[in-house]
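As stored in run-v5.cif (mmCIF, C-alpha atoms and all ligand atoms):
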data_model
loop_
_atom_site.label_atom_id
_atom_site.label_comp_id
_atom_site.auth_asym_id
_atom_site.auth_seq_id
_atom_site.Cartn_x
_atom_site.Cartn_y
_atom_site.Cartn_z
CA MET Y 1191 90.47 28.12 107.81
CA LYS Y 1192 92.66 30.88 106.34
CA ILE Y 1193 94.68 33.28 108.49
CA ALA Y 1194 96.58 36.36 107.27
CA VAL Y 1195 100.09 36.38 108.74
CA ASN Y 1196 102.66 39.17 108.48
CA LYS Y 1197 105.47 37.08 109.95
CA ALA Y 1198 106.26 34.36 112.44
CA HIS Y 1199 109.51 33.78 114.29
CA PHE Y 1200 111.16 31.55 116.87
CA PRO Y 1201 112.74 32.22 119.30
CA VAL Y 1202 111.30 35.54 120.39
CA THR Y 1203 112.71 36.64 123.76
CA VAL Y 1204 111.46 40.22 124.10
CA LEU Y 1205 107.65 39.83 124.09
CA GLY Y 1206 106.83 37.72 127.12
CA PRO Y 1207 108.82 35.42 129.38
CA GLY Y 1208 111.26 32.86 128.03
CA ARG Y 1209 111.79 31.54 124.50
CA ARG Y 1210 108.60 32.04 122.52
CA ILE Y 1211 107.02 31.61 119.16
CA GLY Y 1212 105.98 35.03 117.84
CA ILE Y 1213 103.10 35.29 115.36
CA TRP Y 1214 102.18 38.67 113.86
CA LEU Y 1215 98.84 38.69 112.10
CA GLN Y 1216 98.25 40.85 109.02
CA GLY Y 1217 95.56 43.51 109.05
CA CYS Y 1218 94.71 46.22 111.56
CA GLY Y 1219 91.78 48.62 111.34
CA ILE Y 1220 92.71 50.65 114.43
CA GLY Y 1221 95.50 52.89 113.14
CA CYS Y 1222 97.15 54.15 116.32
CA LYS Y 1223 99.15 57.34 115.78
CA GLY Y 1224 102.86 56.50 115.98
CA CYS Y 1225 102.41 52.75 115.32
CA VAL Y 1226 105.77 51.21 114.35
CA SER Y 1227 104.12 48.28 112.55
CA GLN Y 1228 102.27 50.04 109.77
CA ASP Y 1229 103.27 47.27 107.37
CA THR Y 1230 100.73 45.10 109.21
CA TRP Y 1231 97.75 47.40 108.64
CA ALA Y 1232 96.54 46.41 105.15
CA ARG Y 1233 94.39 43.35 104.68
CA ASP Y 1234 96.46 41.31 102.23
CA ALA Y 1235 95.20 38.05 100.75
CA GLY Y 1236 98.75 37.43 99.57
CA ARG Y 1237 99.74 36.86 103.18
CA GLU Y 1238 97.14 34.20 103.86
CA MET Y 1239 97.98 30.66 104.84
CA THR Y 1240 95.91 27.99 106.49
CA VAL Y 1241 95.77 27.73 110.27
CA ALA Y 1242 96.79 24.08 109.84
CA GLN Y 1243 100.00 25.16 108.01
CA LEU Y 1244 100.79 27.67 110.73
CA LEU Y 1245 100.29 25.05 113.44
CA ILE Y 1246 102.57 22.61 111.63
CA TRP Y 1247 105.28 25.31 111.53
CA CYS Y 1248 104.75 25.96 115.27
CA ARG Y 1249 105.23 22.27 116.08
CA GLU Y 1250 108.36 22.12 113.92
CA VAL Y 1251 110.12 25.12 115.45
CA GLY Y 1252 108.78 24.86 118.99
CA GLY Y 1253 108.93 21.14 119.49
CA GLY Y 1254 111.87 21.44 121.89
CA ALA Y 1255 112.06 24.06 124.59
CA LEU Y 1256 109.11 26.39 124.16
CA ASP Y 1257 107.99 28.68 126.98
CA GLY Y 1258 105.19 30.51 125.24
CA VAL Y 1259 103.44 31.80 122.14
CA THR Y 1260 102.95 35.53 121.62
CA ILE Y 1261 100.31 36.63 119.12
CA SER Y 1262 100.45 40.22 117.95
CA GLY Y 1263 99.91 42.17 114.79
CA GLY Y 1264 98.31 43.83 113.15
CA GLU Y 1265 95.20 43.30 115.18
CA PRO Y 1266 94.61 39.65 116.10
CA PHE Y 1267 90.96 40.27 117.01
CA ASP Y 1268 90.24 41.60 113.48
CA GLN Y 1269 90.40 37.91 112.44
CA PRO Y 1270 88.31 36.41 115.25
CA GLN Y 1271 87.45 33.10 113.58
CA ALA Y 1272 91.01 32.48 112.45
CA LEU Y 1273 92.31 33.49 115.88
CA ALA Y 1274 89.88 31.05 117.53
CA ALA Y 1275 91.06 28.23 115.24
CA LEU Y 1276 94.72 29.08 115.95
CA LEU Y 1277 94.15 29.18 119.72
CA ASP Y 1278 92.19 25.91 119.65
CA GLY Y 1279 95.04 24.28 117.72
CA LEU Y 1280 97.68 25.57 120.13
CA ILE Y 1281 95.67 24.46 123.16
CA ARG Y 1282 95.15 21.00 121.61
CA TRP Y 1283 98.88 20.71 120.89
CA ARG Y 1284 99.72 21.77 124.44
CA ALA Y 1285 97.36 19.17 125.92
CA ASP Y 1286 98.42 16.34 123.57
CA SER Y 1287 102.13 16.93 124.12
CA ALA Y 1288 101.86 17.72 127.85
CA ALA Y 1289 103.82 20.90 127.07
CA ASP Y 1290 103.62 23.88 129.41
CA PHE Y 1291 103.76 26.93 127.16
CA ASP Y 1292 101.57 29.98 127.77
CA ILE Y 1293 99.66 32.02 125.20
CA LEU Y 1294 99.94 35.82 125.36
CA CYS Y 1295 97.99 38.03 122.95
CA TYR Y 1296 98.23 41.75 122.19
CA SER Y 1297 95.26 43.83 121.05
CA GLY Y 1298 94.79 47.49 120.27
CA TYR Y 1299 91.11 47.31 121.25
CA PRO Y 1300 89.96 48.49 124.68
CA LEU Y 1301 89.49 45.72 127.23
CA ALA Y 1302 85.78 46.51 127.65
CA ARG Y 1303 85.18 46.01 123.93
CA LEU Y 1304 87.06 42.70 123.92
CA GLN Y 1305 85.13 41.48 126.96
CA LYS Y 1306 81.84 42.36 125.26
CA ALA Y 1307 82.59 41.04 121.77
CA HIS Y 1308 85.18 38.30 122.28
CA GLU Y 1309 84.69 36.80 125.71
CA LYS Y 1310 85.08 33.25 124.32
CA LEU Y 1311 88.43 34.16 122.76
CA LEU Y 1312 89.67 35.68 126.00
CA ARG Y 1313 88.93 32.40 127.77
CA LYS Y 1314 91.43 30.64 125.48
CA LEU Y 1315 94.30 33.00 126.47
CA ASP Y 1316 96.67 32.92 129.43
CA ALA Y 1317 97.47 36.63 129.27
CA LEU Y 1318 96.37 39.71 127.36
CA ILE Y 1319 97.87 43.14 126.70
CA PRO Y 1320 94.94 45.26 125.44
CA GLU Y 1321 94.30 48.96 124.70
CA PRO Y 1322 95.57 51.09 121.83
CA TYR Y 1323 99.10 52.41 121.63
CA ILE Y 1324 99.09 56.07 122.70
CA ASP Y 1325 102.04 57.96 121.32
CA ASN Y 1326 102.12 60.67 123.97
CA GLN Y 1327 102.05 58.25 126.89
CA PRO Y 1328 105.53 57.05 127.86
CA LEU Y 1329 106.87 53.52 127.66
CA THR Y 1330 106.88 52.60 131.34
CA HIS Y 1331 106.26 48.88 131.70
CA LEU Y 1332 107.84 45.70 130.44
CA TRP Y 1333 106.46 44.38 127.11
CA ARG Y 1334 104.10 47.36 126.72
CA GLY Y 1335 104.38 50.28 124.31
CA SER Y 1336 102.53 52.98 126.25
CA ALA Y 1337 101.63 53.51 129.89
CA ASN Y 1338 97.89 52.91 129.35
CA GLN Y 1339 98.39 49.26 128.35
CA PRO Y 1340 97.94 46.74 131.19
CA LEU Y 1341 99.23 43.18 131.37
CA LEU Y 1342 96.30 40.97 132.38
CA PRO Y 1343 96.76 37.34 133.41
CA LEU Y 1344 93.60 35.45 132.40
CA SER Y 1345 94.14 31.84 133.48
CA VAL Y 1346 95.73 29.88 136.30
CA ARG Y 1347 98.81 29.34 134.13
CA GLY Y 1348 98.74 33.03 133.22
CA ARG Y 1349 98.58 34.10 136.85
CA ASP Y 1350 101.43 31.73 137.79
CA ARG Y 1351 103.63 33.02 135.01
CA TYR Y 1352 102.72 36.70 134.66
CA ALA Y 1353 101.80 37.92 138.14
CA ALA Y 1354 105.41 38.94 138.76
CA PHE Y 1355 105.46 41.03 135.57
CA VAL Y 1356 102.17 42.92 135.86
CA ALA Y 1357 103.85 45.93 137.45
CA ALA Y 1358 107.35 45.27 136.09
CA VAL Y 1359 108.97 48.51 135.02
CA ALA Y 1360 110.73 48.58 131.65
CA ASP Y 1361 114.48 48.68 132.12
CA PRO Y 1362 115.91 51.21 129.65
CA ALA Y 1363 119.28 49.44 129.72
CA ALA Y 1364 117.88 45.95 129.05
CA LYS Y 1365 117.56 44.31 125.65
CA ARG Y 1366 114.16 45.07 124.19
CA MET Y 1367 114.60 44.52 120.44
CA GLN Y 1368 115.61 41.60 118.24
CA ALA Y 1369 116.46 41.90 114.55
CA ALA Y 1370 116.10 39.33 111.78
CA VAL Y 1371 117.02 39.39 108.09
CA ASP Y 1372 114.64 37.91 105.53
CA GLY Y 1373 116.00 38.38 102.00
CA GLU Y 1374 116.20 42.16 101.54
CA ARG Y 1375 113.86 42.74 104.44
CA ILE Y 1376 115.15 43.44 107.95
CA TRP Y 1377 112.56 43.29 110.65
CA TYR Y 1378 112.57 44.05 114.30
CA VAL Y 1379 110.84 42.31 117.17
CA GLY Y 1380 110.05 44.02 120.45
CA ILE Y 1381 108.87 47.32 121.84
CA PRO Y 1382 111.08 50.22 120.79
CA ALA Y 1383 111.39 53.25 123.05
CA ARG Y 1384 110.41 56.63 121.63
CA GLY Y 1385 112.98 57.63 119.04
CA ASP Y 1386 114.69 54.22 118.83
CA MET Y 1387 113.65 53.58 115.22
CA ALA Y 1388 114.65 57.07 114.03
CA ALA Y 1389 118.00 56.65 115.80
CA LEU Y 1390 118.49 53.26 114.15
CA GLU Y 1391 117.68 54.70 110.73
CA GLN Y 1392 120.13 57.55 111.25
CA SER Y 1393 122.84 55.24 112.51
CA CYS Y 1394 122.43 52.93 109.49
CA ALA Y 1395 122.46 55.92 107.11
CA GLN Y 1396 125.77 57.07 108.62
CA ARG Y 1397 127.17 53.64 107.72
CA GLY Y 1398 125.84 53.84 104.14
CA VAL Y 1399 122.74 51.70 104.65
CA ALA Y 1400 119.53 53.41 103.55
CA PHE Y 1401 116.10 51.87 104.06
CA ASP Y 1402 113.75 51.88 101.02
CA THR Y 1403 110.61 51.65 103.13
CA VAL Y 1404 110.10 51.46 106.86
CA SER Y 1405 107.17 50.21 108.93
CA TRP Y 1406 107.11 53.19 111.28
CA ARG Y 1407 106.08 55.72 108.57
CA PRO Y 1408 103.30 55.58 105.96
S1 LIG Y 1501 99.86 49.68 117.53
FE1 LIG Y 1501 98.86 47.69 117.10
S2 LIG Y 1501 96.67 48.17 117.24
FE2 LIG Y 1501 97.71 50.12 117.03
S3 LIG Y 1501 97.73 50.53 114.81
FE3 LIG Y 1501 99.65 49.49 115.29
S4 LIG Y 1501 99.22 47.34 114.89
FE4 LIG Y 1501 97.23 48.35 115.08
#
Would you encode the structure as structure tokens?
Amino acid sequence: MKIAVNKAHFPVTVLGPGRRIGIWLQGCGIGCKGCVSQDTWARDAGREMTVAQLLIWCREVGGGALDGVTISGGEPFDQPQALAALLDGLIRWRADSAADFDILCYSGYPLARLQKAHEKLLRKLDALIPEPYIDNQPLTHLWRGSANQPLLPLSVRGRDRYAAFVAAVADPAAKRMQAAVDGERIWYVGIPARGDMAALEQSCAQRGVAFDTVSWRP
């Protein structure tokens, strides 16, 4: 089974509790205004790998202390069969190794649509952050980009781990972004506040670093 992946990283500490594997899938047909991840929109066969390869990488990097896996994008539910295979593999690994990591997934689709079309996938998750990003709604809550996006625990493990964060307010002074360098590409993990990326670009330009292309503009 092939899966299109924009990037994967460990440890991610700004998208869910603890030290997590982050997997960003490639391809999104939603196109929210103001999306900061426009590099993930195009379907790109060049970014495909097998689910088995991705799971091997997960076991390699997360074999020690792993608190969770966060799947984002792109739109994970635009690859439903690949997402199902990935989730099945993660759940098998968790059971075989007696590990206790949770699985959190983002989606830009409305909850009602996911419940209607992907109920089986939802049953494989511990927590879900659905609904599109809405540019003119403020960033109010932890791990969410706009105020319309809920955090929904979906399993017993999810309720144990996420109940305390459902109404958690985003702390403007707390760390919310990570950065990583990959060759000539710098990428950011986390939920930027409004204007953060423009401020970063301006700050880098003042220091003589200009970005060729950025993910927050077409
Ligand atoms: S915010 Fe998420 S769902 Fe919306 S366009 Fe960007 S990647 Fe797609």
How close does chain Y get to ligand LIG 1501 (chain Y)? List, as a Markdown table, each residue of chain Y within 7 Å, its nearest atom pair and the distance in Å to one decimal, counting only C-alpha atoms and all ligand atoms.
| residue | atom | partner | partner_atom | distance |
| --- | --- | --- | --- | --- |
| Y:Cys1218 | CA | Y:LIG1501 | FE4 | 4.8 |
| Y:Gly1219 | CA | Y:LIG1501 | FE4 | 6.6 |
| Y:Ile1220 | CA | Y:LIG1501 | S3 | 5.0 |
| Y:Gly1221 | CA | Y:LIG1501 | S3 | 3.7 |
| Y:Cys1222 | CA | Y:LIG1501 | S3 | 4.0 |
| Y:Cys1225 | CA | Y:LIG1501 | FE3 | 4.3 |
| Y:Val1226 | CA | Y:LIG1501 | FE3 | 6.4 |
| Y:Ser1227 | CA | Y:LIG1501 | FE3 | 5.4 |
| Y:Gln1228 | CA | Y:LIG1501 | FE3 | 6.1 |
| Y:Thr1230 | CA | Y:LIG1501 | S4 | 6.3 |
| Y:Trp1231 | CA | Y:LIG1501 | S4 | 6.4 |
| Y:Gly1263 | CA | Y:LIG1501 | S4 | 5.2 |
| Y:Gly1264 | CA | Y:LIG1501 | S4 | 4.0 |
| Y:Glu1265 | CA | Y:LIG1501 | FE4 | 5.4 |
| Y:Ser1297 | CA | Y:LIG1501 | S2 | 5.9 |
| Y:Gly1298 | CA | Y:LIG1501 | S2 | 3.6 |
| Y:Tyr1299 | CA | Y:LIG1501 | S2 | 6.9 |
| Y:Pro1322 | CA | Y:LIG1501 | FE2 | 5.3 |
| Y:Tyr1323 | CA | Y:LIG1501 | S1 | 5.0 |
Q. Counting all atoms listed in the file, what is within 8 Å of Ile1381 in chain Y, bar same-chain residues fewer than 3 positions away, as a ChimeraX atom specification?
A. /Y:1204-1205,1333-1335,1366-1367
Ala1255 in chain Y environment, 10 Å, only C-alpha atoms, sequence neighbours closer than 4 positions dropped, as a PDB file with C-alpha atoms, keeping the file's coordinate frame:
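The resulting part24.pdb:
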ATOM      1  CA  PRO Y1201     112.740  32.220 119.300  1.00  0.00           C
ATOM      2  CA  GLY Y1208     111.260  32.860 128.030  1.00  0.00           C
ATOM      3  CA  ARG Y1209     111.790  31.540 124.500  1.00  0.00           C
ATOM      4  CA  ARG Y1210     108.600  32.040 122.520  1.00  0.00           C
ATOM      5  CA  VAL Y1251     110.120  25.120 115.450  1.00  0.00           C
ATOM      6  CA  ALA Y1289     103.820  20.900 127.070  1.00  0.00           C
ATOM      7  CA  ASP Y1290     103.620  23.880 129.410  1.00  0.00           C
ATOM      8  CA  PHE Y1291     103.760  26.930 127.160  1.00  0.00           C
TER       9      PHE Y1291
END
Q: Take CA of Ala1337 in chain Y and CA of Met1387 in chain Y and report the distance between them in Å, one decimal.
A: 19.0 Å
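Among Y:Pro1408, Y:Gly1217, Y:Pro1266, Y:Gly1380, the residue with the shortest atom-to-atom distance to Thr1203 in chain Y, counting only C-alpha atoms, is Y:Gly1380.
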Q: Using CA of Ala1274 in chain Y and CA of Leu1245 in chain Y as the two end points, give the distance in Å to one decimal.
A: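 One can read the CA of Ala1274 in chain Y to CA of Leu1245 in chain Y distance as 12.7 Å.
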Q) What is the CA of Leu1342 in chain Y-CA of Phe1355 in chain Y distance in Å, reported with one decimal? A)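 Distance between the two atoms: 9.7 Å.
Excluding range 1388-1401 of chain Y itself and any same-chain residue fewer than 4 positions from it, the protein and nucleic acid residues within 12 Å of it, counting only C-alpha atoms, are Y:Gly1224, Y:Val1226, Y:Met1367, Y:Ala1369, Y:Glu1374, Y:Arg1375, Y:Ile1376, Y:Trp1377, Y:Tyr1378, Y:Pro1382, Y:Ala1383, Y:Arg1384, Y:Ser1405, Y:Trp1406, Y:Arg1407.
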**Q.** Counting all atoms listed in the file, the option among Y:Ala1232, Y:Gly1254, Y:Lys1192, Y:Lys1314 closest to Gln1271 in chain Y
**A.**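 Looking at the shortest contact to Gln1271 in chain Y, the residue is Y:Lys1192.
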Please report, as JSON, the centre and edge lengths in Å to one decimal of an axis-aligned box covering all listed atoms of range 1305-1309 of chain Y with 3 Å per side.
{"center_x": 83.5, "center_y": 39.6, "center_z": 124.4, "size_x": 9.3, "size_y": 11.6, "size_z": 11.2}
Q.
From the options Y:Cys1295, Y:Ala1285, Y:Leu1256, Y:Ala1307, which residue's atoms come nearest to Leu1215 in chain Y, counting all atoms listed in the file?
A.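 Using all atoms listed in the file, the shortest distance to Leu1215 in chain Y belongs to Y:Cys1295.
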**Q.** Distance query Val1241 in chain Y at most 12 Å, all atoms listed in the file, self and fewer than 6 positions along chain excluded, as a ChimeraX atom specification
**A.** /Y:1191-1195,1213,1215,1247-1248,1269,1271-1280
Restrict the selected residues to C-alpha atoms and save them as an mmCIF file, in the coordinates of the input.
data_model
loop_
_atom_site.group_PDB
_atom_site.id
_atom_site.type_symbol
_atom_site.label_atom_id
_atom_site.label_comp_id
_atom_site.auth_asym_id
_atom_site.auth_seq_id
_atom_site.Cartn_x
_atom_site.Cartn_y
_atom_site.Cartn_z
ATOM 1 C CA MET Y 1191 90.470 28.120 107.810
ATOM 2 C CA LYS Y 1192 92.660 30.880 106.340
ATOM 3 C CA ILE Y 1193 94.680 33.280 108.490
ATOM 4 C CA ALA Y 1194 96.580 36.360 107.270
ATOM 5 C CA VAL Y 1195 100.090 36.380 108.740
ATOM 6 C CA ILE Y 1213 103.100 35.290 115.360
ATOM 7 C CA LEU Y 1215 98.840 38.690 112.100
ATOM 8 C CA TRP Y 1247 105.280 25.310 111.530
ATOM 9 C CA CYS Y 1248 104.750 25.960 115.270
ATOM 10 C CA GLN Y 1269 90.400 37.910 112.440
ATOM 11 C CA GLN Y 1271 87.450 33.100 113.580
ATOM 12 C CA ALA Y 1272 91.010 32.480 112.450
ATOM 13 C CA LEU Y 1273 92.310 33.490 115.880
ATOM 14 C CA ALA Y 1274 89.880 31.050 117.530
ATOM 15 C CA ALA Y 1275 91.060 28.230 115.240
ATOM 16 C CA LEU Y 1276 94.720 29.080 115.950
ATOM 17 C CA LEU Y 1277 94.150 29.180 119.720
ATOM 18 C CA ASP Y 1278 92.190 25.910 119.650
ATOM 19 C CA GLY Y 1279 95.040 24.280 117.720
ATOM 20 C CA LEU Y 1280 97.680 25.570 120.130
#
Q: Within 9 Å of Asp1316 in chain Y, counting all atoms listed in the file, which residues show up once you throw out same-chain ones fewer than 4 positions away? Write them as a list in words, please.
A: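 Everything that qualifies: Asp1292, Ile1293, Leu1294, Cys1295, Leu1312, Leu1342, Pro1343, Leu1344, Ser1345, Val1346, Arg1347, Gly1348, Arg1349, Arg1351 and Tyr1352 of chain Y.
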